[in-house]
Structure formats: C-alpha cells, structure tokens
$ cat final-v3.tsv   # TSV, C-alpha atoms and all ligand atoms
chain	number	residue	atom	x	y	z
X	1	MET	CA	-18.07	-5.53	-13.87
X	2	GLU	CA	-16.92	-9.06	-14.62
X	3	THR	CA	-14.99	-11.15	-12.08
X	4	VAL	CA	-12.24	-13.33	-13.52
X	5	ARG	CA	-10.04	-15.86	-11.72
X	6	THR	CA	-7.44	-17.01	-14.24
X	7	VAL	CA	-4.61	-15.17	-15.93
X	8	ALA	CA	-5.97	-16.21	-19.36
X	9	ASP	CA	-9.38	-14.66	-18.60
X	10	LEU	CA	-7.75	-11.50	-17.24
X	11	ARG	CA	-5.55	-11.14	-20.33
X	12	ALA	CA	-8.53	-11.76	-22.62
X	13	HIS	CA	-9.84	-8.42	-21.34
X	14	THR	CA	-6.63	-6.43	-21.23
X	15	SER	CA	-5.40	-7.63	-24.64
X	16	ARG	CA	-8.78	-6.89	-26.23
X	17	TRP	CA	-8.65	-3.38	-24.80
X	18	ARG	CA	-5.17	-2.91	-26.24
X	19	ILE	CA	-6.34	-4.06	-29.69
X	20	GLN	CA	-9.27	-1.63	-29.42
X	21	GLY	CA	-6.83	1.19	-28.68
X	22	LEU	CA	-8.05	1.59	-25.09
X	23	THR	CA	-5.63	2.28	-22.23
X	24	SER	CA	-5.93	0.42	-18.94
X	25	ALA	CA	-4.91	0.63	-15.29
X	26	VAL	CA	-4.57	-2.01	-12.59
X	27	VAL	CA	-5.31	-1.38	-8.90
X	28	PRO	CA	-3.83	-4.13	-6.71
X	29	THR	CA	-5.62	-4.70	-3.38
X	30	MET	CA	-5.95	-7.28	-0.65
X	31	GLY	CA	-9.65	-6.51	-0.18
X	32	GLY	CA	-11.31	-5.19	2.98
X	33	LEU	CA	-12.00	-2.24	0.73
X	34	HIS	CA	-12.57	1.33	1.92
X	35	ASP	CA	-12.65	4.77	0.33
X	36	GLY	CA	-8.84	4.77	0.03
X	37	HIS	CA	-8.98	1.81	-2.35
X	38	ILE	CA	-11.90	3.34	-4.21
X	39	SER	CA	-9.91	6.57	-4.70
X	40	LEU	CA	-7.31	4.46	-6.55
X	41	VAL	CA	-10.02	3.07	-8.85
X	42	ARG	CA	-11.22	6.62	-9.53
X	43	ARG	CA	-7.66	7.71	-10.26
X	44	GLY	CA	-7.38	4.79	-12.67
X	45	LEU	CA	-10.60	5.83	-14.40
X	46	ALA	CA	-9.29	9.39	-14.68
X	47	GLU	CA	-6.01	8.27	-16.26
X	48	ALA	CA	-7.08	5.27	-18.36
X	49	ASP	CA	-10.07	4.00	-20.33
X	50	ARG	CA	-10.42	0.73	-18.41
X	51	VAL	CA	-9.64	-0.32	-14.82
X	52	VAL	CA	-8.91	-3.77	-13.38
X	53	ALA	CA	-8.87	-4.18	-9.62
X	54	THR	CA	-7.15	-7.21	-8.15
X	55	LEU	CA	-8.20	-8.91	-4.93
X	56	PHE	CA	-5.70	-11.33	-3.43
X	57	VAL	CA	-4.64	-11.66	0.19
X	58	ASN	CA	-1.04	-12.53	-0.56
X	59	PRO	CA	0.26	-15.00	2.05
X	60	THR	CA	3.92	-14.52	1.13
X	61	GLN	CA	3.95	-10.96	2.51
X	62	PHE	CA	2.75	-12.04	5.98
X	63	SER	CA	5.11	-13.55	8.55
X	64	PRO	CA	3.82	-16.57	10.53
X	65	SER	CA	3.06	-14.30	13.54
X	66	GLU	CA	1.02	-11.79	11.53
X	67	ASP	CA	-2.69	-11.41	10.77
X	68	LEU	CA	-3.11	-13.48	7.58
X	69	ASP	CA	-5.96	-15.55	9.03
X	70	ALA	CA	-7.74	-12.58	10.59
X	71	TYR	CA	-7.38	-10.38	7.49
X	72	PRO	CA	-10.85	-9.20	6.36
X	73	ARG	CA	-12.26	-11.26	3.49
X	74	ASP	CA	-15.62	-10.38	1.93
X	75	GLU	CA	-15.41	-10.64	-1.83
X	76	ALA	CA	-19.12	-9.90	-2.42
X	77	ARG	CA	-18.90	-6.62	-0.50
X	78	ASP	CA	-15.62	-5.64	-2.19
X	79	ALA	CA	-17.02	-6.48	-5.64
X	80	ALA	CA	-20.13	-4.36	-5.01
X	81	MET	CA	-17.97	-1.39	-3.99
X	82	LEU	CA	-15.76	-1.77	-7.07
X	83	GLN	CA	-18.73	-2.08	-9.41
X	84	GLU	CA	-20.30	1.02	-7.87
X	85	ALA	CA	-17.03	2.91	-8.46
X	86	GLY	CA	-17.05	2.00	-12.16
X	87	CYS	CA	-14.33	-0.66	-12.16
X	88	HIS	CA	-14.50	-2.79	-15.30
X	89	VAL	CA	-12.95	-6.10	-14.24
X	90	LEU	CA	-12.15	-7.74	-10.90
X	91	PHE	CA	-9.30	-10.25	-10.91
X	92	ALA	CA	-9.74	-12.45	-7.82
X	93	PRO	CA	-7.41	-15.43	-8.30
X	94	PRO	CA	-7.39	-18.46	-6.02
X	95	LEU	CA	-4.12	-19.28	-4.26
X	96	ASP	CA	-3.08	-21.95	-6.77
X	97	VAL	CA	-3.40	-19.56	-9.71
X	98	MET	CA	-0.87	-17.27	-8.04
X	99	TYR	CA	1.35	-19.95	-6.52
X	100	PRO	CA	0.79	-23.27	-8.29
X	101	PRO	CA	2.64	-26.38	-7.12
X	102	GLY	CA	6.29	-26.05	-8.09
X	103	PHE	CA	6.37	-22.26	-7.85
X	104	ALA	CA	9.99	-21.39	-6.98
X	105	THR	CA	10.79	-17.76	-7.84
X	106	GLU	CA	11.62	-15.02	-5.35
X	107	VAL	CA	11.86	-11.29	-6.06
X	108	ARG	CA	13.91	-9.13	-3.68
X	109	VAL	CA	14.57	-5.41	-3.85
X	110	THR	CA	17.66	-4.54	-1.79
X	111	GLY	CA	18.60	-1.22	-0.17
X	112	LEU	CA	15.18	0.44	0.02
X	113	THR	CA	13.95	-2.47	2.11
X	114	ASP	CA	16.66	-2.11	4.78
X	115	HIS	CA	14.60	0.41	6.75
X	116	LEU	CA	11.14	1.07	8.16
X	117	CYS	CA	8.73	-1.81	7.42
X	118	GLY	CA	11.57	-3.69	5.69
X	119	ALA	CA	13.43	-3.84	9.00
X	120	THR	CA	10.42	-4.41	11.27
X	121	ARG	CA	8.60	-6.93	9.02
X	122	PRO	CA	11.43	-9.12	7.70
X	123	GLY	CA	10.47	-10.71	4.38
X	124	HIS	CA	7.39	-8.52	3.94
X	125	PHE	CA	8.68	-6.65	0.90
X	126	ASP	CA	9.97	-9.86	-0.67
X	127	GLY	CA	6.37	-11.07	-0.68
X	128	VAL	CA	5.10	-7.71	-1.93
X	129	SER	CA	7.73	-7.65	-4.69
X	130	GLN	CA	6.87	-11.20	-5.71
X	131	VAL	CA	3.12	-10.63	-5.93
X	132	VAL	CA	3.31	-7.17	-7.53
X	133	THR	CA	5.74	-8.44	-10.18
X	134	LYS	CA	3.27	-11.21	-10.96
X	135	LEU	CA	0.21	-8.92	-10.97
X	136	LEU	CA	1.87	-6.39	-13.29
X	137	ASN	CA	2.91	-9.16	-15.67
X	138	GLN	CA	-0.47	-10.85	-15.46
X	139	ALA	CA	-2.48	-7.72	-16.12
X	140	GLN	CA	-0.15	-6.07	-18.65
X	141	THR	CA	-1.96	-2.76	-18.20
X	142	ASP	CA	-0.48	0.62	-19.14
X	143	LEU	CA	-0.66	1.93	-15.57
X	144	ALA	CA	-0.70	0.63	-12.03
X	145	ILE	CA	-2.09	2.76	-9.20
X	146	PHE	CA	-0.70	2.56	-5.64
X	147	GLY	CA	-1.59	4.53	-2.51
X	148	GLU	CA	0.88	6.83	-0.81
X	149	LYS	CA	-0.20	5.43	2.54
X	150	ASP	CA	2.26	2.64	1.72
X	151	TRP	CA	5.05	4.98	0.64
X	152	GLN	CA	7.88	2.49	1.02
X	153	GLN	CA	5.88	-0.03	-1.00
X	154	ILE	CA	5.63	2.46	-3.88
X	155	ALA	CA	9.38	3.06	-3.72
X	156	VAL	CA	9.99	-0.70	-3.86
X	157	VAL	CA	7.53	-1.17	-6.73
X	158	ARG	CA	9.10	1.65	-8.76
X	159	GLN	CA	12.52	0.11	-8.20
X	160	LEU	CA	11.49	-3.38	-9.30
X	161	ALA	CA	9.60	-2.09	-12.34
X	162	ARG	CA	12.70	-0.16	-13.39
X	163	ASP	CA	15.14	-2.99	-12.67
X	164	LEU	CA	13.04	-5.72	-14.32
X	165	ASP	CA	12.04	-3.59	-17.35
X	166	ILE	CA	8.35	-3.84	-16.55
X	167	PRO	CA	6.80	-1.19	-18.82
X	168	THR	CA	3.78	-0.43	-16.60
X	169	ARG	CA	3.76	3.21	-15.47
X	170	ILE	CA	3.54	3.39	-11.67
X	171	VAL	CA	1.19	6.12	-10.42
X	172	ASN	CA	0.93	7.39	-6.80
X	173	ALA	CA	-2.40	8.42	-5.31
X	174	PRO	CA	-2.70	10.46	-2.08
X	175	THR	CA	-3.70	8.93	1.25
X	176	VAL	CA	-7.42	9.08	2.02
X	177	ARG	CA	-8.17	9.87	5.68
X	178	ASP	CA	-11.09	9.74	8.08
X	179	GLY	CA	-12.44	13.02	9.46
X	180	ASP	CA	-9.99	13.02	12.39
X	181	GLY	CA	-7.03	12.48	10.04
X	182	LEU	CA	-6.47	8.76	10.63
X	183	ALA	CA	-5.39	7.11	7.36
X	184	MET	CA	-8.03	4.65	6.19
X	185	SER	CA	-6.83	1.07	6.44
X	186	SER	CA	-8.38	-2.39	6.22
X	187	ARG	CA	-6.72	-2.98	9.59
X	188	ASN	CA	-8.60	-0.11	11.30
X	189	ARG	CA	-11.50	-2.52	11.69
X	190	TYR	CA	-9.44	-4.45	14.27
X	191	LEU	CA	-9.78	-1.42	16.60
X	192	THR	CA	-12.39	-1.27	19.35
X	193	ASP	CA	-14.30	2.03	19.70
X	194	GLU	CA	-11.99	3.00	22.54
X	195	GLN	CA	-8.87	2.20	20.52
X	196	ARG	CA	-10.27	4.05	17.50
X	197	ALA	CA	-10.56	7.16	19.69
X	198	ILE	CA	-6.92	6.73	20.81
X	199	ALA	CA	-5.86	6.27	17.17
X	200	SER	CA	-6.74	9.87	16.33
X	201	ALA	CA	-3.62	10.89	18.31
X	202	LEU	CA	-1.49	9.36	15.55
X	203	PRO	CA	-2.20	11.87	12.74
X	204	ARG	CA	-2.18	14.74	15.24
X	205	ILE	CA	1.22	13.82	16.66
X	206	MET	CA	2.55	13.19	13.14
X	207	GLN	CA	1.46	16.66	12.00
X	208	ASP	CA	2.98	18.33	15.08
X	209	THR	CA	6.23	16.44	14.64
X	210	ALA	CA	6.52	17.20	10.92
X	211	ARG	CA	5.85	20.89	11.61
X	212	GLN	CA	8.56	21.05	14.27
X	213	ILE	CA	11.12	19.34	12.03
X	214	ALA	CA	10.22	21.64	9.13
X	215	ALA	CA	10.79	24.57	11.51
X	216	GLY	CA	14.33	23.36	12.24
X	217	ALA	CA	14.01	21.01	15.21
X	218	ALA	CA	16.36	18.01	15.16
X	219	PRO	CA	14.51	14.96	13.80
X	220	ALA	CA	16.07	12.55	16.33
X	221	THR	CA	14.94	14.38	19.47
X	222	THR	CA	11.60	15.43	17.98
X	223	THR	CA	10.67	11.90	16.94
X	224	ALA	CA	11.82	10.52	20.31
X	225	ALA	CA	9.45	12.92	22.08
X	226	ALA	CA	6.65	12.04	19.64
X	227	THR	CA	7.19	8.32	20.32
X	228	GLU	CA	6.73	9.01	24.04
X	229	ALA	CA	3.57	10.98	23.23
X	230	LEU	CA	2.14	8.05	21.25
X	231	LEU	CA	2.84	5.66	24.11
X	232	ALA	CA	1.31	8.12	26.59
X	233	ALA	CA	-1.79	8.36	24.36
X	234	GLY	CA	-2.27	4.60	24.68
X	235	PHE	CA	-0.34	3.02	21.81
X	236	ALA	CA	1.18	-0.30	22.87
X	237	GLY	CA	4.41	0.11	20.91
X	238	VAL	CA	6.07	2.10	18.18
X	239	ASP	CA	8.05	0.13	15.56
X	240	TYR	CA	9.47	3.33	14.10
X	241	LEU	CA	8.86	7.05	13.86
X	242	GLU	CA	11.49	8.50	11.55
X	243	ALA	CA	12.18	11.39	9.19
X	244	ARG	CA	13.60	10.21	5.87
X	245	ALA	CA	14.21	11.43	2.34
X	246	ALA	CA	11.10	10.68	0.27
X	247	ASP	CA	12.93	9.08	-2.68
X	248	THR	CA	15.90	7.22	-1.23
X	249	LEU	CA	14.41	6.65	2.24
X	250	THR	CA	17.75	7.62	3.82
X	251	ALA	CA	17.50	9.20	7.28
X	252	ILE	CA	17.75	12.99	7.48
X	253	GLU	CA	19.75	14.75	10.20
X	254	ARG	CA	18.14	18.14	9.56
X	255	PHE	CA	15.29	19.34	7.40
X	256	ASP	CA	16.52	20.67	4.05
X	257	PRO	CA	13.81	22.25	1.88
X	258	ALA	CA	15.75	21.15	-1.22
X	259	ILE	CA	15.24	17.46	-0.33
X	260	ALA	CA	11.67	16.15	-0.28
X	261	SER	CA	11.32	14.47	3.10
X	262	ARG	CA	8.65	12.55	4.91
X	263	LEU	CA	7.84	11.40	8.40
X	264	PHE	CA	7.12	7.65	8.64
X	265	VAL	CA	5.41	5.79	11.46
X	266	ALA	CA	4.35	2.27	12.39
X	267	ALA	CA	2.67	1.82	15.75
X	268	HIS	CA	0.70	-0.89	17.52
X	269	LEU	CA	-2.74	-0.40	19.02
X	270	GLY	CA	-4.79	-3.41	20.14
X	271	GLN	CA	-4.68	-6.01	17.36
X	272	ALA	CA	-3.73	-3.42	14.73
X	273	ARG	CA	-0.38	-2.26	13.46
X	274	LEU	CA	-1.04	1.17	11.96
X	275	ILE	CA	1.30	2.81	9.45
X	276	ASP	CA	1.29	6.31	8.02
X	277	ASN	CA	3.57	8.88	6.43
X	278	ILE	CA	3.28	12.60	5.68
X	279	ALA	CA	5.35	15.23	3.96
X	280	ILE	CA	7.69	17.38	6.07
X	281	ALA	CA	7.17	20.84	4.63
X	282	PRO	CA	7.18	24.39	6.00
V	1	LIG	P1	-4.03	-3.04	0.63
V	1	LIG	O1	-5.34	-3.62	0.24
V	1	LIG	O2	-3.98	-2.52	2.02
V	1	LIG	O3	-2.87	-3.92	0.26
V	1	LIG	O4	-3.86	-1.74	-0.26
V	1	LIG	C1	-4.07	-1.77	-1.64
V	1	LIG	C2	-3.71	-0.42	-2.20
V	1	LIG	O5	-4.54	0.56	-1.60
V	1	LIG	C3	-2.27	-0.02	-1.93
V	1	LIG	O6	-1.76	0.67	-3.07
V	1	LIG	C4	-2.42	0.92	-0.76
V	1	LIG	O7	-1.39	1.86	-0.66
V	1	LIG	C5	-3.73	1.59	-1.10
V	1	LIG	N1	-4.33	2.20	0.09
V	1	LIG	C6	-4.57	1.62	1.28
V	1	LIG	N2	-5.09	2.51	2.16
V	1	LIG	C7	-5.16	3.69	1.49
V	1	LIG	C8	-5.60	5.00	1.85
V	1	LIG	N3	-6.06	5.29	3.06
V	1	LIG	N4	-5.53	5.98	0.91
V	1	LIG	C9	-5.05	5.69	-0.34
V	1	LIG	N5	-4.63	4.48	-0.73
V	1	LIG	C10	-4.68	3.50	0.17
$ encode --input "final-v3.tsv" --output "structure tokens"
Amino acid sequence: METVRTVADLRAHTSRWRIQGLTSAVVPTMGGLHDGHISLVRRGLAEADRVVATLFVNPTQFSPSEDLDAYPRDEARDAAMLQEAGCHVLFAPPLDVMYPPGFATEVRVTGLTDHLCGATRPGHFDGVSQVVTKLLNQAQTDLAIFGEKDWQQIAVVRQLARDLDIPTRIVNAPTVRDGDGLAMSSRNRYLTDEQRAIASALPRIMQDTARQIAAGAAPATTTAAATEALLAAGFAGVDYLEARAADTLTAIERFDPAIASRLFVAAHLGQARLIDNIAIAP
C-alpha cells in the first residue's frame, strides 16, 4: 500500500486504474480505525478492483466545543491495519492540501440536516458535505463506501452527490458491532472500563424500543421511556432518541411496515457522544 498526500499523487493512481480498465472505490475515514472501517475496505475490495482509503480528521465538521484535539490520531497504526486488509492506496492529506489559504467554498445540504445530528451538532453536516464533496472529486473513484452507523451522513452524501452530479456510486455497508452489540466507534476509546460496561445498555434498549414500536407501540411514548432507561443506566444525557423514516428522515407517528423506518440515538457517556441507529422491523 502506498501513502500519498497530494491530490495529484492520488489521481495518478486512480486515473491509471481507469486507463487500465480497473474499477475503484474510496473509503473516507478520520482514522482511529477499527473493524467497522476495515469492513468498508473489504466491501470496497468486493465491489471494485482497487481501494483507496482516506485519512483526514476534518476540522470543519467539529464545533469549537467538540473533540477535535482529543480525536485519536495514529497514522502508522491505521496504515498497518489498512495494508493488512488489502487496501491499495492511503490518501492522508495535510490540512493545507484540503483547505489551502484562500479556500472559500461551503457546501450545505438542506432539509435532511434539520433533524437528529443536524439539529444537535449545528454546522456538522456542512463540514461533512464540504469534505466529502472534495474527497469524491479528488479521488474520482467509481464507488464510495460509507457505514450505516452514520445513517444521516449517508442520506446527506447521497443527496449532495445527486444534486451536484457527482457520478460516484454511494454504497452503504452495515454497522459492525462489538460482542455486546455496541456499535464500534473511534470514540468508544474515550470510555473508561466502567463506562464501557454501561454503554452495553444502549444497543439493548435500542433493540427493545424498536421491537415495541414494530409491535404497534406509539414511538413518542416508547422513546420517552427508553430515554429514561438510558439515563437510569448511567448515560449523562440523550441528544435524541427518535423513530424516523429511513429515506426522508421524517418522524413517524406509528410504525407502518410499508415505510422503511429506523430508530436513531445520540447519547452522552463520559467524554463520548455515542450514536447508533437500527431498523424498526417486526
Ligand atoms: P469515521 O472515521 O468515524 O468518520 O468513519 C468513517 C466511515 O466509517 C464512515 O462511513 C462511518 O460510517 C464508517 N463507520 C464507523 N463506524 C462504523 C461501524 N461500527 N460499522 C461500519 N462502519 C462504520
């Protein structure tokens, strides 16, 4: 695996692959890699001939009060994991390659970003949209692979790719979980052992709640009770716990098997803000 740091060096690979008739996939990451990220690389390898992973902790998607400085950074470890997984190229640009002096363009997806993390992390999806638009244009791969753990992010990326005529096909990959069901996340490493034990309540309560809603319980009362259960389990706060349509992200009043729906959560535990989402299905 070769590591490249400039757009020209990245495109030297992807354009050569295209000339050779090889397909390619890009896997955007912020590092702190775990098996969830590696599953995206494997999905890329299953769907394309060549895979590029990107490693860039994008400052524009963090608010001043968030964990940009604390975010895990260990490029050597991440590169070793990617190489082991069979990734072909790592694109790890420095800040001034992504945002050189004079950079002045914003990218904002409206509507989908009104809810969930869009409402609780103002500006977050503007930063995500900005960096993903750049990464897709920089890499010019056939596919881009994103994890369903960040469901709203995938919805936003699909919308911007459609609206901006970016030809890259956006592919979803399922959430990879630890043995107790907790979604793997770079931020799980902020948890102490005690907090990690408390965190296992999150997937359990999510599953129970989704099952009750699928069985006909009203989402509003069911999610209110589940929020109390999370707080009782030791979570410090719940930004949201909501049932929404999977595509449009509009709130659902009742479960309707004809409309794919999901349960979305963001909750605080210690230094970590954990997010997850699961299907609501009978
Ligand atoms: P991040 O490095 O957290 O920005 O995530 C990079 C990509 O990995 C995004 O597409 C995430 O949705 C995906 N990802 C993160 N955690 C998981 C997981 N547990 N399972 C699958 N994909 C994940």
$ atom_distance --input "final-v3.tsv" --atom1 "CA of Gln271 (chain X)" --atom2 "CA of Phe62 (chain X)"
14.9 Å
$ residues_around --input "final-v3.tsv" --residues "Gly179 (chain X)" --least-positions-apart "2" --cutoff "12 Å" --atoms "all atoms listed in the file" --output "PDB file with C-alpha atoms, in the frame of the given file"
ATOM      1  CA  VAL X 176      -7.420   9.080   2.020  1.00  0.00           C
ATOM      2  CA  ARG X 177      -8.170   9.870   5.680  1.00  0.00           C
ATOM      3  CA  GLY X 181      -7.030  12.480  10.040  1.00  0.00           C
ATOM      4  CA  LEU X 182      -6.470   8.760  10.630  1.00  0.00           C
ATOM      5  CA  ALA X 183      -5.390   7.110   7.360  1.00  0.00           C
ATOM      6  CA  MET X 184      -8.030   4.650   6.190  1.00  0.00           C
ATOM      7  CA  ALA X 197     -10.560   7.160  19.690  1.00  0.00           C
ATOM      8  CA  SER X 200      -6.740   9.870  16.330  1.00  0.00           C
ATOM      9  CA  PRO X 203      -2.200  11.870  12.740  1.00  0.00           C
ATOM     10  CA  ARG X 204      -2.180  14.740  15.240  1.00  0.00           C
TER      11      ARG X 204
END
$ residues_around --input "final-v3.tsv" --residues "Ala79 (chain X)" --least-positions-apart "4" --cutoff "9 Å" --atoms "only C-alpha atoms" --output "PyMOL selection string"
chain X and resi 1+3+74-75+83-84+90
$ residues_near_ligand --input "final-v3.tsv" --ligand "ligand LIG 1 (chain V)" --cutoff "7 Å" --atoms "all atoms listed in the file" --output "PDB file with C-alpha atoms, keeping the file's coordinate frame"
ATOM      1  CA  VAL X  27      -5.310  -1.380  -8.900  1.00  0.00           C
ATOM      2  CA  PRO X  28      -3.830  -4.130  -6.710  1.00  0.00           C
ATOM      3  CA  THR X  29      -5.620  -4.700  -3.380  1.00  0.00           C
ATOM      4  CA  MET X  30      -5.950  -7.280  -0.650  1.00  0.00           C
ATOM      5  CA  GLY X  31      -9.650  -6.510  -0.180  1.00  0.00           C
ATOM      6  CA  GLY X  32     -11.310  -5.190   2.980  1.00  0.00           C
ATOM      7  CA  LEU X  33     -12.000  -2.240   0.730  1.00  0.00           C
ATOM      8  CA  GLY X  36      -8.840   4.770   0.030  1.00  0.00           C
ATOM      9  CA  HIS X  37      -8.980   1.810  -2.350  1.00  0.00           C
ATOM     10  CA  SER X  39      -9.910   6.570  -4.700  1.00  0.00           C
ATOM     11  CA  LEU X  40      -7.310   4.460  -6.550  1.00  0.00           C
ATOM     12  CA  ILE X 145      -2.090   2.760  -9.200  1.00  0.00           C
ATOM     13  CA  PHE X 146      -0.700   2.560  -5.640  1.00  0.00           C
ATOM     14  CA  GLY X 147      -1.590   4.530  -2.510  1.00  0.00           C
ATOM     15  CA  GLU X 148       0.880   6.830  -0.810  1.00  0.00           C
ATOM     16  CA  LYS X 149      -0.200   5.430   2.540  1.00  0.00           C
ATOM     17  CA  ASP X 150       2.260   2.640   1.720  1.00  0.00           C
ATOM     18  CA  ALA X 173      -2.400   8.420  -5.310  1.00  0.00           C
ATOM     19  CA  PRO X 174      -2.700  10.460  -2.080  1.00  0.00           C
ATOM     20  CA  THR X 175      -3.700   8.930   1.250  1.00  0.00           C
ATOM     21  CA  VAL X 176      -7.420   9.080   2.020  1.00  0.00           C
ATOM     22  CA  ARG X 177      -8.170   9.870   5.680  1.00  0.00           C
ATOM     23  CA  ALA X 183      -5.390   7.110   7.360  1.00  0.00           C
ATOM     24  CA  MET X 184      -8.030   4.650   6.190  1.00  0.00           C
ATOM     25  CA  SER X 185      -6.830   1.070   6.440  1.00  0.00           C
ATOM     26  CA  SER X 186      -8.380  -2.390   6.220  1.00  0.00           C
TER      27      SER X 186
END
$ atom_distance --input "final-v3.tsv" --atom1 "CA of Ala251 (chain X)" --atom2 "CA of Gly216 (chain X)"
15.3 Å
$ residues_around --input "final-v3.tsv" --residues "Ser261 (chain X)" --least-positions-apart "3" --cutoff "7 Å" --atoms "all atoms listed in the file" --output "PyMOL selection string"
chain X and resi 243-246+279-280
$ closest_residue --input "final-v3.tsv" --among "X:Pro122, X:Pro94, X:Gly86, X:Pro219" --to "Val41 (chain X)" --atoms "only C-alpha atoms"
X:Gly86
$ residues_around --input "final-v3.tsv" --residues "Thr223 (chain X)" --least-positions-apart "4" --cutoff "10 Å" --atoms "all atoms listed in the file" --output "PDB file with C-alpha atoms, keeping the file's coordinate frame"
ATOM      1  CA  ILE X 205       1.220  13.820  16.660  1.00  0.00           C
ATOM      2  CA  MET X 206       2.550  13.190  13.140  1.00  0.00           C
ATOM      3  CA  THR X 209       6.230  16.440  14.640  1.00  0.00           C
ATOM      4  CA  ALA X 210       6.520  17.200  10.920  1.00  0.00           C
ATOM      5  CA  GLN X 212       8.560  21.050  14.270  1.00  0.00           C
ATOM      6  CA  ILE X 213      11.120  19.340  12.030  1.00  0.00           C
ATOM      7  CA  ALA X 217      14.010  21.010  15.210  1.00  0.00           C
ATOM      8  CA  ALA X 218      16.360  18.010  15.160  1.00  0.00           C
ATOM      9  CA  PRO X 219      14.510  14.960  13.800  1.00  0.00           C
ATOM     10  CA  THR X 227       7.190   8.320  20.320  1.00  0.00           C
ATOM     11  CA  GLU X 228       6.730   9.010  24.040  1.00  0.00           C
ATOM     12  CA  ALA X 229       3.570  10.980  23.230  1.00  0.00           C
ATOM     13  CA  TYR X 240       9.470   3.330  14.100  1.00  0.00           C
ATOM     14  CA  LEU X 241       8.860   7.050  13.860  1.00  0.00           C
ATOM     15  CA  GLU X 242      11.490   8.500  11.550  1.00  0.00           C
ATOM     16  CA  ALA X 243      12.180  11.390   9.190  1.00  0.00           C
ATOM     17  CA  LEU X 263       7.840  11.400   8.400  1.00  0.00           C
ATOM     18  CA  PHE X 264       7.120   7.650   8.640  1.00  0.00           C
ATOM     19  CA  VAL X 265       5.410   5.790  11.460  1.00  0.00           C
TER      20      VAL X 265
END
